[in-house]
>>> print(open('data.cif').read())   # mmCIF, C-alpha atoms
data_entry
#
loop_
_atom_site.label_atom_id
_atom_site.label_comp_id
_atom_site.auth_asym_id
_atom_site.auth_seq_id
_atom_site.Cartn_x
_atom_site.Cartn_y
_atom_site.Cartn_z
CA MET A 426 -52.26 42.37 38.36
CA LYS A 427 -50.56 43.89 35.35
CA GLY A 428 -47.01 45.11 35.68
CA PRO A 429 -45.74 48.55 34.71
CA LEU A 430 -45.57 49.50 31.05
CA SER A 431 -42.29 49.18 29.22
CA LEU A 432 -40.39 52.30 28.18
CA PHE A 433 -41.29 51.63 24.54
CA LYS A 434 -45.04 51.33 25.29
CA ARG A 435 -45.08 54.30 27.64
CA THR A 436 -43.18 56.53 25.19
CA ALA A 437 -45.33 55.38 22.26
CA LEU A 438 -48.54 55.97 24.23
CA THR A 439 -47.45 59.45 25.32
CA ILE A 440 -46.41 60.49 21.83
CA ALA A 441 -49.54 58.97 20.26
CA ILE A 442 -51.87 60.77 22.69
CA GLY A 443 -50.06 64.06 22.15
CA LEU A 444 -50.14 63.76 18.38
CA LEU A 445 -53.78 62.67 18.33
CA ILE A 446 -54.77 65.65 20.50
CA PHE A 447 -52.79 67.92 18.20
CA GLN A 448 -54.42 66.33 15.16
CA LEU A 449 -57.89 66.69 16.68
CA MET A 450 -57.35 70.35 17.45
CA THR A 451 -55.82 71.00 14.03
CA GLY A 452 -58.61 69.12 12.26
CA SER A 453 -61.27 70.97 14.23
CA ALA A 454 -59.69 74.33 13.40
CA LEU A 455 -59.42 73.31 9.75
CA VAL A 456 -63.08 72.28 9.60
CA ILE A 457 -64.39 75.29 11.52
CA TYR A 458 -62.31 78.00 9.86
CA LEU A 459 -61.74 76.57 6.36
CA VAL A 460 -63.94 73.66 5.27
CA LEU A 461 -67.25 74.86 6.66
CA PRO A 462 -66.86 78.46 5.40
CA LEU A 463 -65.97 77.16 1.94
CA ALA A 464 -68.97 74.83 1.97
CA GLN A 465 -71.27 77.67 3.07
CA ARG A 466 -69.86 79.94 0.36
CA SER A 467 -70.39 77.24 -2.27
CA ALA A 468 -73.97 76.67 -1.02
CA ASP A 469 -74.66 80.39 -1.21
CA ASP A 470 -73.40 80.50 -4.80
CA LEU A 471 -75.57 77.53 -5.78
CA ALA A 472 -78.61 79.06 -4.07
CA ASP A 473 -78.08 82.30 -6.01
CA LEU A 474 -77.75 80.30 -9.25
CA LEU A 475 -80.99 78.38 -8.62
CA LEU A 476 -82.97 81.52 -7.75
CA LEU A 477 -81.51 83.43 -10.69
CA SER A 478 -82.32 80.56 -13.05
CA ALA A 479 -85.90 80.43 -11.79
CA GLN A 480 -86.21 84.22 -12.19
CA VAL A 481 -84.81 84.17 -15.71
CA TRP A 482 -87.06 81.24 -16.65
CA THR A 483 -90.20 83.15 -15.58
CA GLU A 484 -89.17 86.22 -17.60
CA LEU A 485 -88.42 84.29 -20.82
CA PRO A 486 -91.10 83.79 -23.45
CA GLN A 487 -92.59 80.32 -23.77
CA GLU A 488 -90.60 79.40 -26.86
CA GLY A 489 -87.25 80.40 -25.28
CA ARG A 490 -87.55 78.36 -22.14
CA PRO A 491 -86.51 74.94 -23.61
CA ALA A 492 -83.25 76.43 -24.90
CA PHE A 493 -82.56 77.98 -21.49
CA GLU A 494 -83.22 74.63 -19.75
CA LEU A 495 -80.84 72.87 -22.17
CA GLU A 496 -78.11 75.47 -21.58
CA LEU A 497 -78.53 75.14 -17.81
CA GLN A 498 -78.20 71.37 -18.10
CA GLN A 499 -75.11 71.48 -20.32
CA LYS A 500 -73.29 74.29 -18.55
CA TYR A 501 -74.15 73.65 -14.87
CA ALA A 502 -75.41 70.00 -14.89
CA ILE A 503 -78.71 71.18 -13.40
CA SER A 504 -82.08 70.17 -14.82
CA LEU A 505 -84.99 72.58 -14.44
CA ARG A 506 -88.67 71.83 -14.84
CA GLN A 507 -91.92 73.33 -13.71
CA SER A 508 -93.99 70.85 -11.70
CA GLU A 509 -96.14 70.44 -8.68
CA LEU A 510 -94.45 70.01 -5.34
CA LEU A 511 -93.73 66.37 -4.66
CA THR A 512 -94.10 64.53 -1.38
CA PRO A 513 -90.72 64.99 0.27
CA LYS A 514 -88.47 61.99 0.76
CA GLU A 515 -85.91 62.02 3.54
CA ALA A 516 -82.44 62.53 2.09
CA GLU A 517 -79.22 61.09 3.45
CA PHE A 518 -77.00 63.14 5.71
CA TYR A 519 -75.17 65.62 3.52
CA PRO A 520 -73.94 68.74 5.37
CA TYR A 521 -73.69 70.62 2.09
CA ILE A 522 -77.43 70.15 1.38
CA ARG A 523 -78.22 71.58 4.80
CA PHE A 524 -76.13 74.64 3.98
CA LEU A 525 -77.97 74.96 0.66
CA GLY A 526 -81.35 74.70 2.40
CA ARG A 527 -80.46 77.46 4.87
CA SER A 528 -79.19 79.71 2.05
CA LEU A 529 -82.37 79.24 0.00
CA ALA A 530 -84.61 79.75 3.03
CA ALA A 531 -82.80 83.01 3.83
CA ARG A 532 -83.35 84.25 0.26
CA LEU A 533 -86.93 83.03 -0.24
CA GLY A 534 -88.24 84.11 3.11
CA ALA A 535 -89.79 82.26 6.00
CA ASN A 536 -93.28 81.92 4.44
CA GLN A 537 -92.12 80.31 1.18
CA THR A 538 -92.39 76.57 0.50
CA LEU A 539 -88.99 74.82 0.25
CA ARG A 540 -88.15 71.13 0.07
CA LEU A 541 -84.87 69.35 -0.48
CA THR A 542 -85.36 65.71 -1.41
CA GLU A 543 -83.59 62.76 -2.96
CA SER A 544 -84.95 61.36 -6.24
CA ASP A 545 -85.22 57.71 -7.27
CA HIS A 546 -82.13 58.18 -9.44
CA GLU A 547 -80.07 59.17 -6.39
CA ASN A 548 -80.04 62.80 -7.43
CA PHE A 549 -80.85 65.75 -5.23
CA GLN A 550 -84.03 67.73 -5.89
CA VAL A 551 -84.66 71.29 -4.77
CA GLN A 552 -88.30 72.41 -4.88
CA PHE A 553 -89.58 75.92 -4.15
CA VAL A 554 -92.13 78.43 -5.37
CA LEU A 555 -91.08 81.73 -6.95
CA ASN A 556 -93.56 84.26 -8.31
CA ALA A 557 -96.37 81.75 -7.83
CA GLN A 558 -94.52 79.28 -10.07
CA PRO A 559 -93.38 75.90 -8.59
CA PHE A 560 -89.89 74.90 -9.72
CA THR A 561 -87.95 71.63 -9.40
CA PHE A 562 -84.19 71.66 -9.82
CA GLU A 563 -82.35 68.34 -9.96
CA PHE A 564 -78.61 67.70 -9.97
CA SER A 565 -76.30 64.76 -9.34
CA LYS A 566 -74.71 64.01 -5.98
CA ALA A 567 -71.33 64.12 -7.72
CA ARG A 568 -71.89 67.84 -8.28
CA VAL A 569 -72.06 68.54 -4.55
CA THR A 570 -68.70 70.14 -3.82
CA PRO A 571 -66.88 70.40 -1.58
CA ARG A 572 -67.48 67.16 0.37
CA PRO A 573 -66.44 67.97 3.96
CA SER A 574 -67.11 64.46 5.28
CA ILE A 575 -64.80 62.82 2.72
CA ALA A 576 -62.14 65.46 3.21
CA LEU A 577 -62.36 65.03 6.98
CA ALA A 578 -62.13 61.24 6.64
CA TRP A 579 -58.96 61.55 4.53
CA ILE A 580 -57.48 63.99 7.01
CA ILE A 581 -58.19 61.63 9.93
CA ALA A 582 -56.85 58.56 8.08
CA ALA A 583 -53.66 60.34 7.02
CA GLY A 584 -53.20 61.78 10.49
CA VAL A 585 -53.65 58.41 12.22
CA PHE A 586 -51.20 56.74 9.82
CA ALA A 587 -48.63 59.49 10.29
CA THR A 588 -49.15 59.32 14.07
CA LEU A 589 -48.57 55.56 14.20
CA VAL A 590 -45.43 55.72 12.05
CA LEU A 591 -43.99 58.69 13.92
CA THR A 592 -44.88 57.14 17.30
CA TRP A 593 -43.16 53.86 16.47
CA PHE A 594 -40.07 55.62 15.14
CA LEU A 595 -39.67 57.99 18.09
CA ALA A 596 -40.44 55.34 20.73
CA ARG A 597 -37.99 52.94 19.09
CA ARG A 598 -35.35 55.65 18.96
CA VAL A 599 -35.71 56.21 22.70
CA SER A 600 -36.10 52.59 23.86
CA ALA A 601 -33.54 50.84 21.62
CA PRO A 602 -30.42 52.28 23.38
CA ILE A 603 -31.97 51.50 26.77
CA ALA A 604 -32.67 47.91 25.66
CA ARG A 605 -29.04 47.49 24.51
CA LEU A 606 -27.85 48.91 27.83
CA ALA A 607 -30.10 46.52 29.81
CA LYS A 608 -28.86 43.53 27.79
CA ALA A 609 -25.22 44.49 28.38
CA ALA A 610 -25.91 45.02 32.10
CA ARG A 611 -27.44 41.54 32.35
CA GLN A 612 -24.32 40.09 30.71
CA ILE A 613 -22.13 41.81 33.28
CA GLY A 614 -24.38 40.51 36.05
CA GLY A 615 -23.96 37.01 34.61
CA GLY A 616 -20.18 37.27 34.83
CA SER A 617 -19.40 37.82 31.12
CA GLN A 618 -17.97 40.83 29.33
CA PRO A 619 -20.43 42.41 26.85
CA ALA A 620 -19.46 43.98 23.56
CA GLN A 621 -18.82 47.70 23.61
CA LEU A 622 -21.96 49.77 23.09
CA PRO A 623 -21.94 52.16 20.11
CA GLU A 624 -21.15 55.66 21.32
CA THR A 625 -23.27 57.31 18.63
CA GLY A 626 -26.67 58.95 18.32
CA ASP A 627 -28.07 61.63 20.56
CA VAL A 628 -25.69 63.37 22.95
CA GLU A 629 -27.34 61.96 26.09
CA PHE A 630 -27.37 58.36 24.83
CA ALA A 631 -23.84 58.62 23.46
CA ASP A 632 -22.61 59.94 26.82
CA LEU A 633 -24.47 57.15 28.65
CA ALA A 634 -22.93 54.50 26.37
CA ARG A 635 -19.46 56.03 26.88
CA VAL A 636 -19.82 55.94 30.68
CA PHE A 637 -21.17 52.38 30.60
CA ASN A 638 -18.32 51.17 28.37
CA GLU A 639 -15.74 52.73 30.65
CA THR A 640 -17.39 51.20 33.73
CA SER A 641 -17.55 47.82 32.00
CA ARG A 642 -13.84 47.94 31.17
CA GLN A 643 -12.99 48.91 34.75
CA LEU A 644 -15.09 46.04 36.14
CA GLU A 645 -13.45 43.57 33.76
CA ALA A 646 -9.98 44.78 34.72
CA ARG A 647 -10.87 44.56 38.42
CA ARG A 648 -12.24 41.05 37.95
CA GLU A 649 -9.08 39.96 36.17
CA ASN A 650 -6.92 41.48 38.90
CA GLN A 651 -8.92 39.72 41.62
CA THR A 652 -8.70 36.41 39.78
CA THR A 653 -4.95 36.79 39.29
CA LEU A 654 -4.46 37.81 42.92
CA LEU A 655 -6.60 34.91 44.17
CA ALA A 656 -4.74 32.40 42.03
CA GLY A 657 -1.36 33.83 43.03
CA VAL A 658 -2.09 33.87 46.76
CA SER A 659 -3.56 30.37 46.64
CA HIS A 660 -0.55 29.07 44.74
CA ASP A 661 1.95 30.74 47.07
CA LEU A 662 0.24 29.33 50.16
CA ARG A 663 0.59 25.75 49.04
CA SER A 664 4.40 25.68 49.37
CA PRO A 665 4.55 26.68 53.06
CA LEU A 666 1.62 24.37 53.80
CA ALA A 667 3.49 21.48 52.17
CA ARG A 668 6.56 22.25 54.33
CA MET A 669 4.41 22.45 57.44
CA LYS A 670 2.79 19.12 56.62
CA MET A 671 6.20 17.51 56.10
CA ALA A 672 7.50 18.95 59.39
CA LEU A 673 4.44 17.69 61.28
CA GLY A 674 4.94 14.25 59.77
CA MET A 675 8.56 14.18 60.99
CA LEU A 676 7.50 15.34 64.47
CA ALA A 677 4.78 12.68 64.62
CA GLU A 678 7.37 9.95 63.92
CA HIS A 679 9.44 10.97 66.95
CA SER A 680 6.63 11.92 69.36
CA PRO A 681 3.09 11.02 68.23
CA SER A 682 0.39 13.29 69.64
CA PRO A 683 -3.37 13.79 69.08
CA LEU A 684 -2.69 17.52 68.78
CA LEU A 685 -0.31 16.92 65.89
CA ASP A 686 -2.97 14.77 64.17
CA ARG A 687 -5.55 17.56 64.47
CA VAL A 688 -3.10 20.14 63.10
CA GLU A 689 -2.28 17.83 60.21
CA ARG A 690 -5.99 17.43 59.40
CA ASP A 691 -6.41 21.20 59.52
CA ILE A 692 -3.56 21.61 57.05
CA GLU A 693 -5.18 19.06 54.73
CA GLU A 694 -8.47 20.99 54.88
CA MET A 695 -6.62 24.23 54.14
CA ASP A 696 -4.93 22.55 51.17
CA LYS A 697 -8.29 21.39 49.83
CA LEU A 698 -9.73 24.88 50.28
CA ILE A 699 -6.81 26.41 48.40
CA GLU A 700 -7.32 23.85 45.61
CA ALA A 701 -10.98 24.88 45.45
CA GLN A 702 -9.93 28.53 45.27
CA LEU A 703 -7.61 27.78 42.36
CA MET A 704 -10.39 25.88 40.57
CA PHE A 705 -12.75 28.81 41.12
CA ALA A 706 -10.19 31.18 39.58
CA ARG A 707 -9.67 28.85 36.60
CA ALA A 708 -13.44 28.53 36.13
CA GLN A 709 -13.46 31.97 34.49
CA GLU A 710 -11.11 30.78 31.73
CA TYR A 711 -12.82 29.70 28.50
CA GLU A 712 -11.83 26.25 27.26
CA LYS A 713 -11.54 25.26 23.60
CA LEU A 714 -14.05 22.79 22.21
CA GLU A 715 -13.16 19.19 21.49
CA ARG A 716 -15.15 16.28 20.06
CA ILE A 717 -15.75 13.70 22.77
CA ASN A 718 -17.97 10.71 23.45
CA LEU A 719 -20.47 12.10 25.92
CA ASP A 720 -21.85 8.74 27.08
CA GLN A 721 -18.37 7.45 27.78
CA LEU A 722 -17.49 10.56 29.82
CA LEU A 723 -20.66 10.28 31.94
CA LYS A 724 -20.10 6.55 32.49
CA GLU A 725 -16.53 7.24 33.60
CA LEU A 726 -17.62 9.91 36.08
CA SER A 727 -20.40 7.73 37.49
CA ALA A 728 -18.01 4.77 37.79
CA ASN A 729 -15.57 6.88 39.80
CA LEU A 730 -18.40 7.95 42.09
CA GLU A 731 -19.69 4.41 42.58
CA ALA A 732 -16.41 3.47 44.22
CA GLN A 733 -17.04 6.12 46.92
CA ALA A 734 -20.83 5.93 47.22
CA SER A 735 -22.85 3.79 49.56
CA CYS A 736 -25.99 4.40 47.50
CA GLN A 737 -27.26 3.15 44.16
CA LEU A 738 -26.27 5.13 41.06
CA ILE A 739 -28.67 5.00 38.07
CA ARG A 740 -27.90 6.27 34.56
CA ARG A 741 -30.72 7.33 32.24
CA MET A 742 -29.16 8.06 28.83
CA ALA A 743 -32.30 8.65 26.77
CA ALA A 744 -30.98 11.34 24.44
CA PRO A 745 -29.49 10.18 21.10
CA VAL A 746 -26.38 12.31 21.65
CA THR A 747 -23.06 10.46 21.67
CA ASN A 748 -20.29 12.44 20.01
CA ILE A 749 -20.37 16.16 20.66
CA GLU A 750 -18.07 19.17 20.42
CA ILE A 751 -17.78 20.63 23.89
CA ALA A 752 -15.28 21.82 26.50
CA PRO A 753 -14.43 18.42 28.06
CA ILE A 754 -12.58 19.55 31.20
CA ALA A 755 -15.25 22.15 31.99
CA LEU A 756 -18.02 19.58 31.52
CA ARG A 757 -16.15 17.04 33.66
CA ARG A 758 -15.73 19.56 36.49
CA CYS A 759 -19.39 20.59 36.39
CA VAL A 760 -20.80 17.07 36.41
CA ASN A 761 -18.27 15.85 38.96
CA ASN A 762 -19.07 18.72 41.34
CA LEU A 763 -22.79 18.06 41.00
CA LEU A 764 -22.29 14.33 41.62
CA HIS A 765 -20.24 14.93 44.76
CA ASN A 766 -22.81 17.46 45.98
CA ALA A 767 -25.56 14.84 45.52
CA LEU A 768 -23.43 12.19 47.21
CA ARG A 769 -22.90 14.46 50.23
CA TYR A 770 -26.65 14.80 50.86
CA ALA A 771 -28.22 11.69 49.34
CA GLY A 772 -27.17 9.33 52.10
CA GLU A 773 -28.15 5.78 51.11
CA ASN A 774 -30.82 6.97 48.65
CA GLU A 775 -30.31 6.56 44.92
CA ILE A 776 -28.65 9.14 42.67
CA GLN A 777 -29.66 9.48 39.02
CA ILE A 778 -27.66 10.80 36.08
CA VAL A 779 -30.08 11.85 33.34
CA LYS A 780 -29.29 12.87 29.78
CA ARG A 781 -31.88 14.42 27.48
CA CYS A 782 -31.93 16.38 24.25
CA LEU A 783 -34.79 18.78 23.51
CA HIS A 784 -35.09 21.75 21.14
CA ASN A 785 -31.41 21.59 20.15
CA THR A 786 -30.37 21.77 23.81
CA LEU A 787 -28.59 19.09 25.82
CA TYR A 788 -29.84 18.54 29.37
CA ILE A 789 -27.69 16.71 31.94
CA GLY A 790 -29.46 16.24 35.25
CA ILE A 791 -28.17 15.03 38.63
CA ARG A 792 -31.05 13.89 40.84
CA ASP A 793 -30.94 12.90 44.49
CA ARG A 794 -33.38 12.00 47.24
CA GLY A 795 -31.72 14.04 49.94
CA PRO A 796 -33.38 16.66 52.18
CA GLY A 797 -33.76 19.02 49.21
CA ILE A 798 -33.18 22.76 49.01
CA PRO A 799 -35.87 25.35 49.88
CA ALA A 800 -37.12 27.35 46.91
CA HIS A 801 -36.06 30.68 48.41
CA LEU A 802 -32.45 29.41 48.63
CA ALA A 803 -32.28 28.16 45.04
CA ASP A 804 -30.03 31.06 44.00
CA ALA A 805 -28.12 31.41 47.26
CA VAL A 806 -26.58 27.91 47.06
CA PHE A 807 -24.56 29.02 44.02
CA ARG A 808 -22.83 31.81 45.94
CA PRO A 809 -19.21 31.26 47.00
CA PHE A 810 -18.79 29.87 50.54
CA TYR A 811 -22.54 29.57 51.04
CA ARG A 812 -23.70 26.39 52.80
CA LEU A 813 -27.13 25.39 54.02
CA GLU A 814 -25.65 24.21 57.31
CA SER A 815 -24.94 26.90 59.85
CA SER A 816 -21.99 24.84 61.06
CA ARG A 817 -18.56 25.39 59.58
CA ASN A 818 -17.88 21.65 59.74
CA ARG A 819 -16.34 20.61 56.42
CA THR A 820 -17.57 17.04 56.79
CA THR A 821 -21.22 18.14 56.52
CA GLY A 822 -21.14 21.37 54.61
CA GLY A 823 -18.11 21.12 52.33
CA SER A 824 -16.02 24.13 51.38
CA GLY A 825 -18.95 26.06 49.94
CA LEU A 826 -17.25 26.50 46.54
CA GLY A 827 -18.39 23.42 44.60
CA LEU A 828 -21.67 24.83 43.25
CA ALA A 829 -20.14 28.30 42.82
CA ILE A 830 -17.38 26.80 40.66
CA THR A 831 -19.97 24.86 38.65
CA LYS A 832 -22.06 27.98 38.01
CA GLN A 833 -19.00 30.04 37.06
CA ILE A 834 -17.82 27.38 34.59
CA ALA A 835 -21.31 27.18 33.08
CA GLU A 836 -21.61 30.95 32.64
CA THR A 837 -18.10 31.20 31.16
CA HIS A 838 -19.05 28.64 28.47
CA HIS A 839 -22.55 30.09 27.91
CA TRP A 840 -24.28 27.16 29.58
CA LYS A 841 -26.98 27.37 32.18
CA ILE A 842 -27.50 25.52 35.46
CA VAL A 843 -30.93 25.32 37.07
CA LEU A 844 -32.02 23.87 40.42
CA LYS A 845 -35.43 22.17 40.53
CA PRO A 846 -37.12 20.50 43.54
CA ARG A 847 -38.40 16.92 43.23
CA ARG A 848 -41.98 16.09 44.09
CA LYS A 849 -41.19 13.30 46.55
CA GLY A 850 -38.23 15.08 48.10
CA GLY A 851 -34.71 15.78 46.96
CA ALA A 852 -33.10 18.10 44.45
CA CYS A 853 -32.33 18.03 40.75
CA PHE A 854 -29.58 20.11 39.13
CA TRP A 855 -29.99 20.54 35.36
CA LEU A 856 -27.03 21.58 33.23
CA GLN A 857 -28.36 23.06 29.98
CA ILE A 858 -25.94 23.14 27.04
CA PRO A 859 -26.95 24.61 23.65
CA LEU A 860 -25.98 22.28 20.78
CA ILE A 861 -24.49 24.77 18.35
CA HIS A 862 -22.26 22.18 16.65
CA ASN A 863 -23.05 18.94 14.84
CA VAL A 864 -23.62 15.94 17.07
CA ASN A 865 -24.21 12.26 16.36
#
>>> encode(input="data.cif", output="structure tokens")
Amino acid sequence: MKGPLSLFKRTALTIAIGLLIFQLMTGSALVIYLVLPLAQRSADDLADLLLLSAQVWTELPQEGRPAFELELQQKYAISLRQSELLTPKEAEFYPYIRFLGRSLAARLGANQTLRLTESDHENFQVQFVLNAQPFTFEFSKARVTPRPSIALAWIIAAGVFATLVLTWFLARRVSAPIARLAKAARQIGGGSQPAQLPETGDVEFADLARVFNETSRQLEARRENQTTLLAGVSHDLRSPLARMKMALGMLAEHSPSPLLDRVERDIEEMDKLIEAQLMFARAQEYEKLERINLDQLLKELSANLEAQASCQLIRRMAAPVTNIEIAPIALRRCVNNLLHNALRYAGENEIQIVKRCLHNTLYIGIRDRGPGIPAHLADAVFRPFYRLESSRNRTTGGSGLGLAITKQIAETHHWKIVLKPRRKGGACFWLQIPLIHNVN
């Protein structure tokens, strides 16, 4: 089932239909009230000339007729001869000849013989009888003026060309600002700040661009305020938590208690959550690029994970990318978060780190053989504090910020992260990084 037409196509189709209808009506009026009357008037004049020539020829003496025929040929490009009526040959469709036939028939009368034929030399022949004398007039097709069919064809061709050009220009003028607005809106939805739209052009579009720019600036300021507030609150909470942890440790030395142990574990979880909040706030900060050894970084991260994992870790470094200019801390956080997410769900199954390079894009994949993620939750898992488990147990569901931090870092650095299911079970997170700088 086809989707709805785009604004450009719908506008172009509407304008094209309107202009074509206007052109059809204008062309019809032009043909009916201008071209056809002129053609009929020209046919009437030619019919009068042919009848007058035949009348003059019959009244001239025998010796004066050749001179008259020569003058008619030179002055009007019409040849006249007296001959028997020929067997008529069907002529091509020429509206002008039909007009000429009707004009001659009206002047000769209904009982007179009249034939309009086409000669072997592609000339028109007009044959009729006047005063008991058969006459044959012959003239070239080039003499038939005006030519309504050719004029109409030129009018249609010019009108269609003008319609197409005008349709494209008007539809583009309407759809281009909307396309820029949609692109900027998608950038805002992706977490980035788009460039200011030009506040020019038609009044409506300029006002729309002005409102959008103002809204975009307000959203950016609100996002910055929320990030600053989140970072500030998270930072300020760590000091009292550290004092509480120290006080609990001192109390546990004098009077150990299971309750104190549980409170101390809760404080540690709160500290980890605050750390995750701070990382989420910093994820919106763009990091400068540095040249690093990518293989060495991935080996270091996998080695750190191997010390904590009870499963097998496999590296597949197929891409010929070693040294690359990239944001190293951002890349380390993304890959590390994905590795720990795989470790949490993989159990004793293997985890793979895959590196590929295709179409000037670097792909880093983290594969696991865990329970997998349903397709309808592929976007939800990247939301802050979203966990597949309904339980709030940190040991099974984590803090719910790891994948959100990874996605935010990726969007800040114009990367892309995609979740793909594996055929035999499990999940695969692909980090896609455009290679805009030289690599080796």
>>> resolve_selection(input="data.cif", expression="the PyMOL selection byres ((chain A and resi 670) around 12)", output="PyMOL selection string")
chain A and resi 663-669+671-677+685-696
>>> atom_distance(input="data.cif", atom1="atom CA of Asn556 of chain A", atom2="atom CA of Leu474 of chain A")
16.3 Å
>>> closest_residue(input="data.cif", among="A:Arg848, A:Pro559, A:Gly626, A:Trp579", to="Arg598 of chain A", atoms="all atoms listed in the file")
A:Gly626
>>> resolve_selection(input="data.cif", expression="the PyMOL selection byres ((chain A and resi 779) around 10)", output="list in words")
Leu723, Ile739, Arg740, Arg741, Met742, Ala743, Ala744, Ile776, Gln777, Ile778, Lys780, Arg781, Tyr788, Ile789, Gly790, Ile791, Arg792, Cys853 and Trp855 of chain A
>>> closest_residue(input="data.cif", among="A:Ala728, A:Ala454, A:Lys713, A:Ser528", to="His838 of chain A", atoms="all atoms listed in the file")
A:Lys713
>>> residues_around(input="data.cif", residues="Leu768 of chain A", least_positions_apart="4", cutoff="10 Å", atoms="all atoms listed in the file", output="PyMOL selection string")
chain A and resi 730-731+733-736+738+762-764+772-776+793-795
